[in-house]
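Asker: My structure is in my_file04.tsv, and what it holds is TSV, C-alpha atoms:
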```tsv
chain	number	residue	atom	x	y	z
A	1	MET	CA	-3.87	2.05	-30.32
A	2	ILE	CA	-2.71	-1.02	-28.45
A	3	ASP	CA	-1.67	-0.22	-24.91
A	4	LYS	CA	1.67	-1.34	-23.59
A	5	LYS	CA	1.47	-3.67	-20.63
A	6	PHE	CA	1.32	-2.32	-17.09
A	7	LYS	CA	4.38	-3.86	-15.54
A	8	ILE	CA	5.76	-3.40	-12.05
A	9	SER	CA	9.11	-4.98	-11.29
A	10	GLY	CA	8.67	-7.50	-14.09
A	11	LYS	CA	5.12	-8.52	-13.19
A	12	THR	CA	2.28	-7.65	-15.56
A	13	PHE	CA	-1.09	-6.41	-14.39
A	14	LYS	CA	-4.28	-5.82	-16.37
A	15	SER	CA	-5.78	-3.25	-14.04
A	16	ARG	CA	-4.10	0.11	-13.60
A	17	LEU	CA	-6.08	0.80	-10.46
A	18	ILE	CA	-4.53	-0.08	-7.10
A	19	VAL	CA	-6.88	-0.01	-4.16
A	20	GLY	CA	-6.25	0.51	-0.45
A	21	THR	CA	-7.99	-1.70	2.11
A	22	GLY	CA	-8.32	0.78	5.00
A	23	LYS	CA	-11.32	2.71	6.31
A	24	TYR	CA	-14.05	0.36	5.07
A	25	LYS	CA	-17.05	-0.40	7.30
A	26	SER	CA	-16.21	-4.10	7.16
A	27	PHE	CA	-13.88	-6.58	5.49
A	28	LYS	CA	-16.89	-7.81	3.54
A	29	GLU	CA	-17.51	-4.36	2.06
A	30	CYS	CA	-13.80	-3.98	1.36
A	31	ALA	CA	-13.65	-7.30	-0.48
A	32	LYS	CA	-16.70	-6.42	-2.55
A	33	ALA	CA	-15.31	-3.02	-3.50
A	34	ILE	CA	-12.02	-4.59	-4.58
A	35	LYS	CA	-13.82	-7.12	-6.73
A	36	ILE	CA	-15.94	-4.47	-8.46
A	37	SER	CA	-12.90	-2.19	-8.92
A	38	GLY	CA	-11.07	-4.90	-10.83
A	39	ALA	CA	-7.89	-4.07	-8.90
A	40	GLU	CA	-5.24	-6.77	-8.86
A	41	ILE	CA	-3.05	-5.07	-6.27
A	42	VAL	CA	-4.21	-3.91	-2.84
A	43	THR	CA	-2.25	-2.09	-0.16
A	44	VAL	CA	-2.24	-3.56	3.34
A	45	ALA	CA	-0.72	-2.50	6.65
A	46	VAL	CA	1.22	-4.40	9.30
A	47	ARG	CA	-0.11	-4.17	12.85
A	48	ARG	CA	-0.20	-6.13	16.10
A	49	VAL	CA	-2.72	-8.97	16.26
A	50	ASN	CA	-5.36	-8.64	18.93
A	51	ILE	CA	-4.33	-11.29	21.45
A	52	SER	CA	-7.43	-10.83	23.63
A	53	ASP	CA	-9.90	-11.51	20.81
A	54	LYS	CA	-8.57	-14.58	19.08
A	55	ASN	CA	-11.59	-15.05	16.86
A	56	LYS	CA	-11.54	-11.58	15.38
A	57	ALA	CA	-11.86	-11.57	11.58
A	58	ARG	CA	-8.67	-11.12	9.59
A	59	LEU	CA	-8.15	-9.34	6.30
A	60	MET	CA	-6.54	-12.44	4.81
A	61	ASP	CA	-9.75	-14.39	5.42
A	62	TYR	CA	-11.60	-12.02	3.09
A	63	ILE	CA	-9.00	-11.10	0.47
A	64	ASP	CA	-7.02	-14.05	-0.79
A	65	PRO	CA	-3.35	-13.10	-1.27
A	66	LYS	CA	-3.05	-15.89	-3.82
A	67	LYS	CA	-5.56	-14.12	-6.05
A	68	ILE	CA	-4.84	-10.46	-5.26
A	69	THR	CA	-1.31	-9.09	-4.92
A	70	TYR	CA	-0.80	-7.73	-1.42
A	71	LEU	CA	1.30	-4.60	-1.31
A	72	PRO	CA	2.42	-4.14	2.30
A	73	ASN	CA	2.85	-0.52	3.30
A	74	THR	CA	4.72	1.31	6.03
A	75	ALA	CA	1.83	3.47	7.18
A	76	GLY	CA	2.58	5.21	10.46
A	77	CYS	CA	6.37	5.07	10.02
A	78	PHE	CA	8.31	8.30	10.47
A	79	ASN	CA	11.87	7.08	9.90
A	80	ALA	CA	13.83	4.54	7.85
A	81	GLU	CA	14.37	2.16	10.77
A	82	ASP	CA	10.65	1.79	11.51
A	83	ALA	CA	9.86	1.39	7.81
A	84	ILE	CA	12.47	-1.34	7.37
A	85	ARG	CA	11.34	-3.15	10.52
A	86	THR	CA	7.74	-3.09	9.30
A	87	LEU	CA	8.56	-4.39	5.83
A	88	ARG	CA	10.83	-7.12	7.13
A	89	LEU	CA	7.88	-8.32	9.22
A	90	ALA	CA	5.59	-8.09	6.19
A	91	ARG	CA	8.04	-10.18	4.20
A	92	GLU	CA	8.11	-12.73	7.01
A	93	ILE	CA	4.33	-13.18	6.98
A	94	GLY	CA	4.47	-14.61	3.52
A	95	GLY	CA	7.43	-13.70	1.40
A	96	TRP	CA	6.36	-10.32	0.11
A	97	LYS	CA	9.11	-8.39	-1.63
A	98	LEU	CA	7.03	-5.88	-3.56
A	99	VAL	CA	6.26	-3.17	-1.03
A	100	LYS	CA	4.94	0.35	-0.70
A	101	LEU	CA	7.26	2.65	1.16
A	102	GLU	CA	5.59	5.54	2.93
A	103	VAL	CA	7.68	7.50	5.42
A	104	LEU	CA	5.74	10.44	6.76
A	105	GLY	CA	7.13	13.67	8.12
A	106	ASP	CA	4.22	15.29	9.86
A	107	LYS	CA	1.14	13.86	11.53
A	108	LYS	CA	-1.11	16.70	10.41
A	109	ASN	CA	-0.52	17.01	6.69
A	110	LEU	CA	0.88	13.47	6.23
A	111	PHE	CA	3.41	14.69	3.70
A	112	PRO	CA	6.27	12.30	2.97
A	113	GLU	CA	9.58	12.90	4.76
A	114	MET	CA	11.70	12.70	1.64
A	115	ILE	CA	15.18	12.46	3.19
A	116	GLU	CA	14.14	9.40	5.21
A	117	THR	CA	12.16	8.08	2.24
A	118	LEU	CA	15.25	8.23	0.03
A	119	ARG	CA	17.42	6.59	2.70
A	120	SER	CA	14.82	3.84	3.20
A	121	THR	CA	14.58	3.22	-0.55
A	122	GLU	CA	18.35	2.68	-0.71
A	123	LEU	CA	18.42	0.36	2.30
A	124	LEU	CA	15.38	-1.67	1.31
A	125	THR	CA	16.59	-2.08	-2.28
A	126	LYS	CA	19.91	-3.40	-0.97
A	127	GLU	CA	17.95	-5.96	1.06
A	128	GLY	CA	16.21	-7.21	-2.07
A	129	PHE	CA	12.90	-5.42	-1.66
A	130	LYS	CA	11.13	-4.03	-4.73
A	131	VAL	CA	10.13	-0.63	-3.49
A	132	MET	CA	7.20	1.39	-4.77
A	133	VAL	CA	7.71	4.79	-3.23
A	134	TYR	CA	5.10	7.24	-2.00
A	135	CYS	CA	6.70	10.65	-2.53
A	136	ASN	CA	6.03	14.30	-3.07
A	137	ASP	CA	5.62	15.66	-6.58
A	138	ASP	CA	9.18	16.95	-6.87
A	139	PRO	CA	10.82	15.85	-10.15
A	140	LEU	CA	14.34	16.10	-8.67
A	141	MET	CA	13.48	13.84	-5.77
A	142	ALA	CA	11.70	11.45	-8.13
A	143	LYS	CA	14.95	11.17	-10.07
A	144	ARG	CA	16.89	10.46	-6.89
A	145	LEU	CA	14.44	7.73	-5.91
A	146	GLU	CA	14.81	6.19	-9.34
A	147	ASN	CA	18.59	6.21	-9.01
A	148	ALA	CA	18.26	4.65	-5.55
A	149	GLY	CA	16.47	1.65	-7.06
A	150	ALA	CA	12.75	2.41	-6.69
A	151	VAL	CA	10.56	0.20	-8.90
A	152	ALA	CA	7.70	2.73	-9.05
A	153	ILE	CA	7.37	6.43	-8.37
A	154	MET	CA	4.17	7.28	-6.53
A	155	PRO	CA	3.73	11.01	-6.06
A	156	LEU	CA	0.82	12.43	-4.14
A	157	ALA	CA	-1.94	14.34	-5.90
A	158	ALA	CA	-2.77	16.08	-2.61
A	159	PRO	CA	-2.49	15.13	1.09
A	160	ILE	CA	-3.51	11.56	1.98
A	161	GLY	CA	-7.26	11.22	2.44
A	162	SER	CA	-7.89	14.87	1.51
A	163	GLY	CA	-9.80	14.18	-1.69
A	164	LEU	CA	-8.51	17.45	-3.15
A	165	GLY	CA	-7.51	15.99	-6.51
A	166	ILE	CA	-4.34	16.72	-8.46
A	167	GLN	CA	-2.86	19.99	-7.24
A	168	ASN	CA	0.25	20.15	-9.38
A	169	LYS	CA	-0.35	18.80	-12.85
A	170	VAL	CA	2.78	20.44	-14.22
A	171	ASN	CA	5.09	18.53	-11.88
A	172	ILE	CA	3.33	15.25	-12.58
A	173	LYS	CA	3.83	15.87	-16.31
A	174	ILE	CA	7.50	16.67	-15.80
A	175	ILE	CA	8.01	13.50	-13.76
A	176	ARG	CA	6.20	11.56	-16.51
A	177	GLN	CA	8.58	12.92	-19.13
A	178	GLN	CA	11.72	12.11	-17.20
A	179	THR	CA	11.02	8.56	-16.02
A	180	LYS	CA	10.29	5.25	-17.65
A	181	LEU	CA	9.42	3.73	-14.28
A	182	PRO	CA	5.76	3.12	-13.50
A	183	LEU	CA	4.31	6.45	-12.34
A	184	ILE	CA	1.35	6.02	-10.04
A	185	ILE	CA	-0.64	8.77	-8.39
A	186	ASP	CA	-0.91	7.85	-4.73
A	187	ALA	CA	-3.08	9.89	-2.36
A	188	GLY	CA	-5.41	12.83	-2.74
A	189	ILE	CA	-7.88	11.50	-5.29
A	190	GLY	CA	-11.43	12.61	-4.44
A	191	GLN	CA	-13.66	11.58	-7.30
A	192	ALA	CA	-13.61	9.64	-10.54
A	193	SER	CA	-12.64	12.64	-12.68
A	194	ASP	CA	-9.44	13.06	-10.61
A	195	ALA	CA	-8.43	9.50	-11.51
A	196	THR	CA	-9.16	10.20	-15.17
A	197	ILE	CA	-7.03	13.36	-15.09
A	198	ALA	CA	-4.15	11.41	-13.52
A	199	MET	CA	-4.29	8.93	-16.36
A	200	GLU	CA	-4.63	11.68	-18.97
A	201	LEU	CA	-1.43	13.23	-17.63
A	202	GLY	CA	0.25	9.99	-18.63
A	203	CYS	CA	0.43	8.23	-15.31
A	204	ASP	CA	0.62	4.43	-15.46
A	205	GLY	CA	-1.79	3.92	-12.62
A	206	VAL	CA	-3.66	5.35	-9.67
A	207	LEU	CA	-3.77	4.22	-6.04
A	208	ILE	CA	-7.03	5.02	-4.25
A	209	ASN	CA	-8.28	4.26	-0.77
A	210	THR	CA	-10.30	6.94	1.02
A	211	ALA	CA	-12.18	8.17	-2.07
A	212	ILE	CA	-13.69	4.70	-2.43
A	213	ALA	CA	-13.88	3.52	1.18
A	214	LYS	CA	-15.48	6.71	2.53
A	215	ALA	CA	-17.81	7.39	-0.42
A	216	LYS	CA	-21.50	7.15	0.49
A	217	ASN	CA	-21.66	4.14	-1.79
A	218	PRO	CA	-18.18	2.58	-1.82
A	219	ILE	CA	-19.13	-0.27	-4.14
A	220	GLN	CA	-20.48	2.07	-6.80
A	221	MET	CA	-17.50	4.40	-6.38
A	222	ALA	CA	-15.17	1.43	-6.83
A	223	GLU	CA	-16.77	0.80	-10.20
A	224	ALA	CA	-16.65	4.50	-11.08
A	225	MET	CA	-12.91	4.55	-10.35
A	226	LYS	CA	-12.35	1.46	-12.45
A	227	LEU	CA	-14.08	3.09	-15.42
A	228	ALA	CA	-12.37	6.44	-14.78
A	229	VAL	CA	-8.93	4.88	-14.93
A	230	ILE	CA	-9.76	2.96	-18.13
A	231	SER	CA	-11.29	6.09	-19.64
A	232	GLY	CA	-8.35	8.31	-18.74
A	233	ARG	CA	-5.87	5.82	-20.13
A	234	LYS	CA	-7.74	5.51	-23.43
A	235	SER	CA	-8.01	9.28	-23.65
A	236	TYR	CA	-4.27	9.66	-23.06
A	237	LEU	CA	-3.41	7.04	-25.68
A	238	SER	CA	-5.82	8.52	-28.20
A	239	GLY	CA	-4.00	11.85	-28.26
A	240	ARG	CA	-6.08	14.86	-27.38
A	241	ILE	CA	-6.75	17.73	-29.80
A	242	ASN	CA	-4.79	20.93	-29.35
A	243	PRO	CA	-6.69	23.39	-27.16
A	244	ASN	CA	-7.74	26.52	-29.03
A	245	LEU	CA	-9.00	29.85	-27.76
A	246	PHE	CA	-11.47	30.17	-30.61
A	247	GLY	CA	-14.28	28.05	-31.93
A	248	SER	CA	-14.05	25.62	-34.79
A	249	ALA	CA	-17.40	24.58	-36.28
A	250	SER	CA	-18.08	20.89	-36.41
A	251	THR	CA	-20.41	21.34	-39.38
A	252	THR	CA	-19.18	22.48	-42.77
A	253	ASN	CA	-20.64	25.60	-44.38
A	254	LYS	CA	-20.53	23.90	-47.76
A	255	GLY	CA	-24.05	23.49	-49.14
A	256	ILE	CA	-25.55	25.90	-46.65
A	257	ILE	CA	-28.97	27.22	-47.73
B	1	MET	CA	2.28	-24.72	39.45
B	2	SER	CA	2.23	-21.68	41.69
B	3	VAL	CA	2.36	-18.15	40.30
B	4	LYS	CA	5.80	-17.76	41.86
B	5	ASN	CA	7.34	-20.22	39.44
B	6	LYS	CA	5.94	-18.52	36.37
B	7	ILE	CA	7.89	-16.18	34.17
B	8	LYS	CA	6.65	-12.85	32.91
B	9	ILE	CA	6.69	-12.04	29.20
B	10	ILE	CA	5.28	-9.17	27.19
B	11	VAL	CA	3.18	-10.04	24.14
B	12	ASN	CA	2.05	-7.14	21.98
B	13	GLY	CA	2.50	-4.78	24.89
B	14	LYS	CA	0.53	-6.93	27.33
B	15	GLN	CA	2.08	-8.84	30.21
B	16	LEU	CA	1.44	-12.59	30.28
B	17	GLN	CA	2.65	-15.27	32.65
B	18	VAL	CA	3.78	-18.64	31.39
B	19	ILE	CA	5.63	-21.59	32.87
B	20	PRO	CA	9.43	-21.61	32.54
B	21	LYS	CA	10.80	-23.15	29.33
B	22	PHE	CA	7.46	-22.48	27.62
B	23	SER	CA	8.26	-22.56	23.90
B	24	LEU	CA	7.38	-19.84	21.45
B	25	LYS	CA	5.39	-22.43	19.54
B	26	SER	CA	3.34	-23.23	22.65
B	27	LEU	CA	2.60	-19.54	23.01
B	28	ILE	CA	1.41	-19.28	19.41
B	29	VAL	CA	-0.77	-22.36	19.86
B	30	LYS	CA	-2.15	-21.02	23.15
B	31	LEU	CA	-3.06	-17.75	21.44
B	32	LYS	CA	-4.58	-19.67	18.49
B	33	MET	CA	-2.58	-17.70	15.94
B	34	PRO	CA	-2.53	-19.04	12.37
B	35	LEU	CA	1.17	-19.28	11.55
B	36	ASN	CA	0.75	-18.58	7.85
B	37	LYS	CA	-0.88	-15.21	8.57
B	38	ILE	CA	1.50	-13.75	11.13
B	39	ALA	CA	5.10	-12.69	11.70
B	40	ILE	CA	6.86	-12.87	15.05
B	41	GLU	CA	9.53	-10.71	16.64
B	42	LEU	CA	11.32	-11.78	19.82
B	43	ASN	CA	13.21	-8.95	21.51
B	44	ARG	CA	13.20	-6.97	18.22
B	45	LYS	CA	14.57	-9.89	16.18
B	46	ILE	CA	12.40	-11.53	13.54
B	47	ILE	CA	11.96	-15.21	14.24
B	48	ASP	CA	11.96	-17.85	11.51
B	49	LYS	CA	8.55	-19.47	11.98
B	50	LYS	CA	10.05	-22.92	11.31
B	51	ARG	CA	12.18	-22.58	14.44
B	52	ILE	CA	9.57	-21.56	17.00
B	53	SER	CA	9.35	-24.98	18.65
B	54	LYS	CA	13.05	-24.74	19.50
B	55	ILE	CA	12.81	-21.35	21.18
B	56	GLN	CA	12.21	-21.33	24.94
B	57	LEU	CA	10.84	-18.15	26.42
B	58	LYS	CA	12.71	-16.37	29.18
B	59	ASN	CA	11.58	-13.96	31.87
B	60	GLY	CA	11.27	-10.46	30.41
B	61	ASP	CA	11.05	-11.56	26.78
B	62	ASN	CA	9.27	-9.10	24.57
B	63	ILE	CA	7.24	-10.63	21.75
B	64	GLU	CA	5.47	-8.91	18.92
B	65	ILE	CA	3.00	-10.81	16.76
B	66	VAL	CA	1.77	-8.93	13.70
B	67	HIS	CA	-0.54	-9.54	10.77
B	68	PHE	CA	-2.00	-7.63	7.86
B	69	ILE	CA	-4.84	-5.21	8.40
B	70	GLY	CA	-6.57	-2.78	6.07
B	71	GLY	CA	-4.39	0.12	4.98
B	72	GLY	CA	-3.81	2.61	2.21
```
Please, can you express the file's structure as structure tokens?

Answerer:
Amino acid sequence: MIDKKFKISGKTFKSRLIVGTGKYKSFKECAKAIKISGAEIVTVAVRRVNISDKNKARLMDYIDPKKITYLPNTAGCFNAEDAIRTLRLAREIGGWKLVKLEVLGDKKNLFPEMIETLRSTELLTKEGFKVMVYCNDDPLMAKRLENAGAVAIMPLAAPIGSGLGIQNKVNIKIIRQQTKLPLIIDAGIGQASDATIAMELGCDGVLINTAIAKAKNPIQMAEAMKLAVISGRKSYLSGRINPNLFGSASTTNKGII
Amino acid sequence: MSVKNKIKIIVNGKQLQVIPKFSLKSLIVKLKMPLNKIAIELNRKIIDKKRISKIQLKNGDNIEIVHFIGGG
């Protein structure tokens, strides 16, 4: 079965794996992991430059934004105003319009604050941003985000950085059925099989940071995630057999001695 | 020039002293910031990087210079 193209806001990507650039030991390791993962989109954050150490290495020196699509995020923002300020600055660095909105509601569990997230999606869309939205796995809210102009719905699998894997498969399936927008699992992936399950549920992509960056061998895990996403997608497209409580022999009894 | 004649500005939360009429461009050059990798806010307003040579800093100005770092 030929796969349909993975398109976000009109742009086509070959890889369905989006990778975060945080938590790596070094920019060098981060760049290597991205290369091995095959990801064409990476999330990045906006922060103050260090004015006391002018020679400090910069992310852009290691990951070329001309080759890899930067997806600026709003990490650390707790309201619409902060999120909009951050993304306006990101746009100013180099014209980025495709952004990842992430408005958090609580510093401990890092769950999205959905009222502010919805408000931010509306405001940013009006300003011409193409907003990929980190959200909870609530189908009703996903619909609202879609109506507000989101270009991708990105529900969590579990809390950010928790590595717990997909906690609510049913909701992800419901969101899949109701939207034609790209559906990308963002946050909570722990191991390769979690990424495969996300794809088998029909998601269009997976966004992974901690599970790669904090693995004992991030480079190898980056490759594992790449293969897991490809595998899960092929499995989804191939159409699984119906689960059955009872056995069904693979070998015919015909000609048995 | 004596310290008395200098103006105080805040850059990324840190106080700096510069001479009066010091331009925003001079500040960026002094800090060795690559223009194509940063964005600048002056008193909470985003500044068009093409205009920085025309902007003269004033006492009490608050400047934020940001760039991309690793994030999820």

Asker: Nearest to His67 (chain B) among B:Ile9, B:Ile28, B:Met33, B:Ile38, with distances taken over all atoms listed in the file: which residue is it?

Answerer: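 Among B:Ile9, B:Ile28, B:Met33, B:Ile38, it is B:Ile38 that comes nearest to His67 (chain B).
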
Asker: Could you list, as a VMD selection string, every residue of chain B that has an atom within 7 Å of an atom of chain A, counting only C-alpha atoms?

Answerer: chain B and resid 12 31 to 32 36 to 39 64 to 72

Asker: Between CA of Gly188 (chain A) and CA of Ala142 (chain A), what distance in Å does the model show, to one decimal?

Answerer: 18.0 Å

Asker: Please provide the set of residues having any atom within 7 Å of Val11 (chain B), restricted to all atoms listed in the file, with same-chain residues fewer than 4 positions apart removed, written as an MDAnalysis selection string.

Answerer: chainID B and resid 15:16 62:64

Asker: Which is closest to Leu57 (chain B) among B:Lys8, B:Lys14, B:Ile40, B:Pro34, if we use all atoms listed in the file?

Answerer: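 Using all atoms listed in the file, the shortest distance to Leu57 (chain B) belongs to B:Lys8.
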
Asker: Between CA of Thr117 (chain A) and CA of Glu81 (chain A), what is the distance in Å, rounded to a tenth?

Answerer: 10.6 Å

Asker: Return the padded bounding box of region 206-209 of chain A as JSON: axis-aligned, built from all atoms listed in the file, 8 Å added on each side, with centre and edge lengths in Å to one decimal.

Answerer:
```
{"center_x": -6.0, "center_y": 4.8, "center_z": -5.2, "size_x": 20.6, "size_y": 17.1, "size_z": 24.9}
```

Asker: Give the answer as one residue: which of B:Ile10, B:Asn5, B:Phe22, B:Asn59 has the shortest atom-to-atom distance to Glu41 (chain B), using all atoms listed in the file?

Answerer: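 Smallest distance to Glu41 (chain B) is found for B:Ile10.
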
Asker: Go ahead and compute the interatomic distance for CA of Asn168 (chain A) and CA of Ala215 (chain A), in Å to one decimal.

Answerer: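 Calculated distance between CA of Asn168 (chain A) and CA of Ala215 (chain A) is 23.9 Å.
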
Asker: May I have the residues within 8 Å of Thr69 (chain A) as a PyMOL selection string, using all atoms listed in the file and disregarding those fewer than 2 positions away in the same chain?

Answerer: chain A and resi 40-42+65-67+71

Asker: Which residue, A:Ser162, A:Ser37, A:Ser238, A:Gln167, has the smallest gap to Asp3 (chain A) when you use all atoms listed in the file?

Answerer: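 Of A:Ser162, A:Ser37, A:Ser238, A:Gln167, the one nearest Asp3 (chain A), counting all atoms listed in the file, is A:Ser238.
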
Asker: What lies within 12 Å of Thr179 (chain A) using all atoms listed in the file, ignoring chain neighbours under 3 positions off, as a PyMOL selection string?

Answerer: chain A and resi 139-147+150-154+172-176+182-184+202-204

Asker: I need every residue sitting at most 8 Å from the point (4.1, 9.5, 6.8) (coordinates as in the file, only C-alpha atoms considered), written as a list in words.

Answerer: Ala75, Gly76, Cys77, Phe78, Glu102, Val103, Leu104, Gly105, Asp106, Lys107, Leu110, Phe111, Pro112 and Glu113 of chain A
